[in-house]
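Worksheet: the structure to be examined is printed underneath.
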Amino acid sequence: MGSIADRFYETFMVDDRWTWLVSGLRVTIIVSLLALLIGVIIGFIVAVIRAMHDKTGKFKILNAICKVYLTIIRGTPSMIQILIMYLIVFGSSSLNSIVIGGIAFGINSGAYVAEIVRSGIMSIPEGQTEAGRSLGLNYAQTMRLIIMPQAFKNVLPALVNEMIVLIKETAIIGYIGEQDLTKAAMLIQSRTYDAVFPLLAAALIYLVLVMLLTFFMNKLERRLRTNER
């Protein structure tokens with residue numbers, strides 16, 4: 001084994017292997033952002049449908065569909081889901097694997113976001129809804145203007161945790177042939193036969209991503225608390 005400096009040089013500088021990590025980071029960020037967007041949209045829609053059914057008894061068919069979706073997604077591994085999306089659902093299409101991964105992770109995340117948001121909605125006292133209706137707002141307006149802003153503040157920490165989990169879960173996108181951050185680290189290891197530096201580098205980059213997300217979400221949470229005063 002060479003010195004630490006020699007191993008570092010061999011790992012990252014030879015053949016510009018550090019650029020593989022940069023490319024993998026780009027893929028990780030794109031997939032995470034796409035999945036986050038899809039997951040939040042699906043999650044909020046499902047949460048509103050289920051909450052409205054619980055409160056009013058309406059949307060029975062839509063609520064049943066949402067329950068089936070939640071049961072399937074939460075009851076099966078995310079790796080199986082992404083393989084099904086890649087090999088079966090989009091198996092005959094020319095859709096980019098990054099997009100397929102983003103869709104798969106978004107659908108997976110949406111199930112967890114839905115239950116987080118629904119719990120936040122159900123935690124708001126019924127008097128808030130009655131107050132909105134007494135002001136002349138219909139149910140949709142009451143939900144959008146009164147209930148959802150309060151529910152969002154209540155569940156923000158849980159949503160941040162789900163975002164962190166989502167970023168880390170994207171590490172399995174290499175199974176559909178996309179070179180993300182983890183795959184790039186393993187590719188470097190296969191060339192150098194030294195796992196220490198590439199894996200530590202990948203772990204450090206994931207840690208920085210999570211810390212940045214946590215930092216900005218904490219600032220948002222503090223601002224929301226300040227606006228309440």
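Just remember, in the structure tokens the first chain shown is A, the second B, etc., residues are 1-based per chain, and ligands are 1-based in the order shown.
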
Contact residues around Glu10 (chain A) with only C-alpha atoms at 12 Å, ignoring same-chain residues under 5 positions, as a JSON list (two decimals) with N, CA and C atoms, in the first residue's frame:
[["chain", "number", "residue", "atom", "x", "y", "z"],
["A", 1, "MET", "N", 0.84, -1.19, 0.00],
["A", 1, "MET", "CA", 0.00, 0.00, 0.00],
["A", 1, "MET", "C", 0.88, 1.26, 0.00],
["A", 2, "GLY", "N", 0.53, 2.23, -0.82],
["A", 2, "GLY", "CA", 1.29, 3.46, -0.87],
["A", 2, "GLY", "C", 0.90, 4.40, 0.26],
["A", 3, "SER", "N", 1.48, 5.57, 0.24],
["A", 3, "SER", "CA", 1.14, 6.56, 1.25],
["A", 3, "SER", "C", -0.27, 7.08, 1.01],
["A", 4, "ILE", "N", -0.78, 7.80, 2.01],
["A", 4, "ILE", "CA", -2.14, 8.36, 1.88],
["A", 4, "ILE", "C", -2.22, 9.31, 0.69],
["A", 5, "ALA", "N", -1.18, 10.12, 0.51],
["A", 5, "ALA", "CA", -1.18, 11.06, -0.61],
["A", 5, "ALA", "C", -1.21, 10.33, -1.94],
["A", 15, "ASP", "N", -6.80, 9.88, -14.44],
["A", 15, "ASP", "CA", -7.94, 9.85, -15.37],
["A", 15, "ASP", "C", -9.06, 10.79, -14.96],
["A", 16, "ASP", "N", -8.74, 11.79, -14.14],
["A", 16, "ASP", "CA", -9.77, 12.75, -13.67],
["A", 16, "ASP", "C", -10.97, 12.03, -13.06],
["A", 17, "ARG", "N", -10.68, 11.06, -12.20],
["A", 17, "ARG", "CA", -11.78, 10.26, -11.63],
["A", 17, "ARG", "C", -12.67, 11.08, -10.71],
["A", 18, "TRP", "N", -12.19, 12.21, -10.20],
["A", 18, "TRP", "CA", -13.03, 13.06, -9.36],
["A", 18, "TRP", "C", -14.24, 13.57, -10.13],
["A", 188, "ILE", "N", -15.02, 3.93, -9.19],
["A", 188, "ILE", "CA", -13.63, 4.29, -8.86],
["A", 188, "ILE", "C", -12.97, 3.15, -8.09],
["A", 189, "GLN", "N", -13.69, 2.56, -7.16],
["A", 189, "GLN", "CA", -13.15, 1.45, -6.37],
["A", 189, "GLN", "C", -12.79, 0.27, -7.25],
["A", 191, "ARG", "N", -11.63, 0.39, -10.18],
["A", 191, "ARG", "CA", -10.41, 0.70, -10.93],
["A", 191, "ARG", "C", -9.17, 0.71, -10.03],
["A", 192, "THR", "N", -9.36, 1.15, -8.78],
["A", 192, "THR", "CA", -8.20, 1.32, -7.89],
["A", 192, "THR", "C", -8.05, 0.17, -6.88],
["A", 193, "TYR", "N", -9.11, -0.62, -6.72],
["A", 193, "TYR", "CA", -9.14, -1.69, -5.72],
["A", 193, "TYR", "C", -8.92, -1.14, -4.30],
["A", 194, "ASP", "N", -9.30, 0.09, -4.12],
["A", 194, "ASP", "CA", -9.19, 0.75, -2.82],
["A", 194, "ASP", "C", -10.53, 1.42, -2.54],
["A", 195, "ALA", "N", -11.28, 0.89, -1.56],
["A", 195, "ALA", "CA", -12.64, 1.37, -1.31],
["A", 195, "ALA", "C", -12.69, 2.55, -0.35],
["A", 196, "VAL", "N", -11.60, 2.81, 0.35],
["A", 196, "VAL", "CA", -11.63, 3.78, 1.44],
["A", 196, "VAL", "C", -11.98, 5.19, 0.95],
["A", 197, "PHE", "N", -11.17, 5.74, 0.06],
["A", 197, "PHE", "CA", -11.35, 7.12, -0.36],
["A", 197, "PHE", "C", -12.64, 7.36, -1.15],
["A", 198, "PRO", "N", -12.96, 6.54, -2.15],
["A", 198, "PRO", "CA", -14.19, 6.82, -2.90],
["A", 198, "PRO", "C", -15.46, 6.71, -2.06]]

Region 88-105 of chain A environment, 10 Å, only C-alpha atoms, sequence neighbours closer than 6 positions dropped, as an MDAnalysis selection string: chainID A and resid 27:28 30:39 78:82 166:167 169:170 172:174 176:180

Please report, as number ranges by chain, each residue of region 95-220 of chain A to which DSSP assigns alpha helix (DSSP H) when run on this structure's backbone. A: 97-123, 126-134, 139-142, 148-169, 181-192, 196-220

Measuring between only C-alpha atoms, which one of A:Lys60, A:Lys183, A:Lys168, A:Arg7 shows the shortest distance to Gly24 (chain A)?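 Of A:Lys60, A:Lys183, A:Lys168, A:Arg7, the one nearest Gly24 (chain A), counting only C-alpha atoms, is A:Lys183.
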
Using only C-alpha atoms, which residues of region 31-125 of chain A come within 10 Å of region 138-153 of chain A, and what is the closest atom pair for each, with the distance in Å to one decimal? Give it as a tab-separated table, sorted by chain and residue number.
residue	atom	partner	partner_atom	distance
A:Phe44	CA	A:Met148	CA	9.6
A:Val48	CA	A:Met143	CA	8.6
A:Met52	CA	A:Tyr139	CA	9.1
A:Thr56	CA	A:Tyr139	CA	10.0
A:Ile116	CA	A:Phe152	CA	9.6
A:Val117	CA	A:Ala151	CA	7.0
A:Arg118	CA	A:Ala151	CA	8.4
A:Ser119	CA	A:Ala151	CA	8.2
A:Gly120	CA	A:Ala151	CA	4.5
A:Ile121	CA	A:Ala151	CA	5.1
A:Met122	CA	A:Ala151	CA	8.3
A:Ser123	CA	A:Ala151	CA	7.5
A:Ile124	CA	A:Ile147	CA	6.8
A:Pro125	CA	A:Ile147	CA	9.2

Could you save the residues just selected, with C-alpha atoms, as a PDB file, in the first residue's frame?
ATOM      1  CA  PHE A  44     -50.734  16.539  -0.776  1.00  0.00           C
ATOM      2  CA  VAL A  48     -56.461  16.079   1.110  1.00  0.00           C
ATOM      3  CA  MET A  52     -61.839  15.189   3.397  1.00  0.00           C
ATOM      4  CA  THR A  56     -67.125  14.588   5.487  1.00  0.00           C
ATOM      5  CA  ILE A 116     -47.469  12.902   7.129  1.00  0.00           C
ATOM      6  CA  VAL A 117     -49.641  15.677   5.696  1.00  0.00           C
ATOM      7  CA  ARG A 118     -52.884  13.870   6.558  1.00  0.00           C
ATOM      8  CA  SER A 119     -51.792  13.577  10.185  1.00  0.00           C
ATOM      9  CA  GLY A 120     -51.103  17.307  10.168  1.00  0.00           C
ATOM     10  CA  ILE A 121     -54.527  18.094   8.731  1.00  0.00           C
ATOM     11  CA  MET A 122     -56.305  15.852  11.223  1.00  0.00           C
ATOM     12  CA  SER A 123     -54.402  17.471  14.097  1.00  0.00           C
ATOM     13  CA  ILE A 124     -56.025  20.865  13.432  1.00  0.00           C
ATOM     14  CA  PRO A 125     -58.989  21.400  15.777  1.00  0.00           C
TER      15      PRO A 125
END

Within 9 Å of Val113 (chain A), counting only C-alpha atoms, which residues qualify if same-chain residues fewer than 5 places away don't, as an NGL selection string? :A and (39-40 or 42-44 or 46-47 or 118 or 158-159 or 162)

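The residue that comes closest to Ile65 (chain A), out of A:Asn108, A:Ile49, A:Lys219, A:Ala185 and on the basis of only C-alpha atoms, is A:Ile49.
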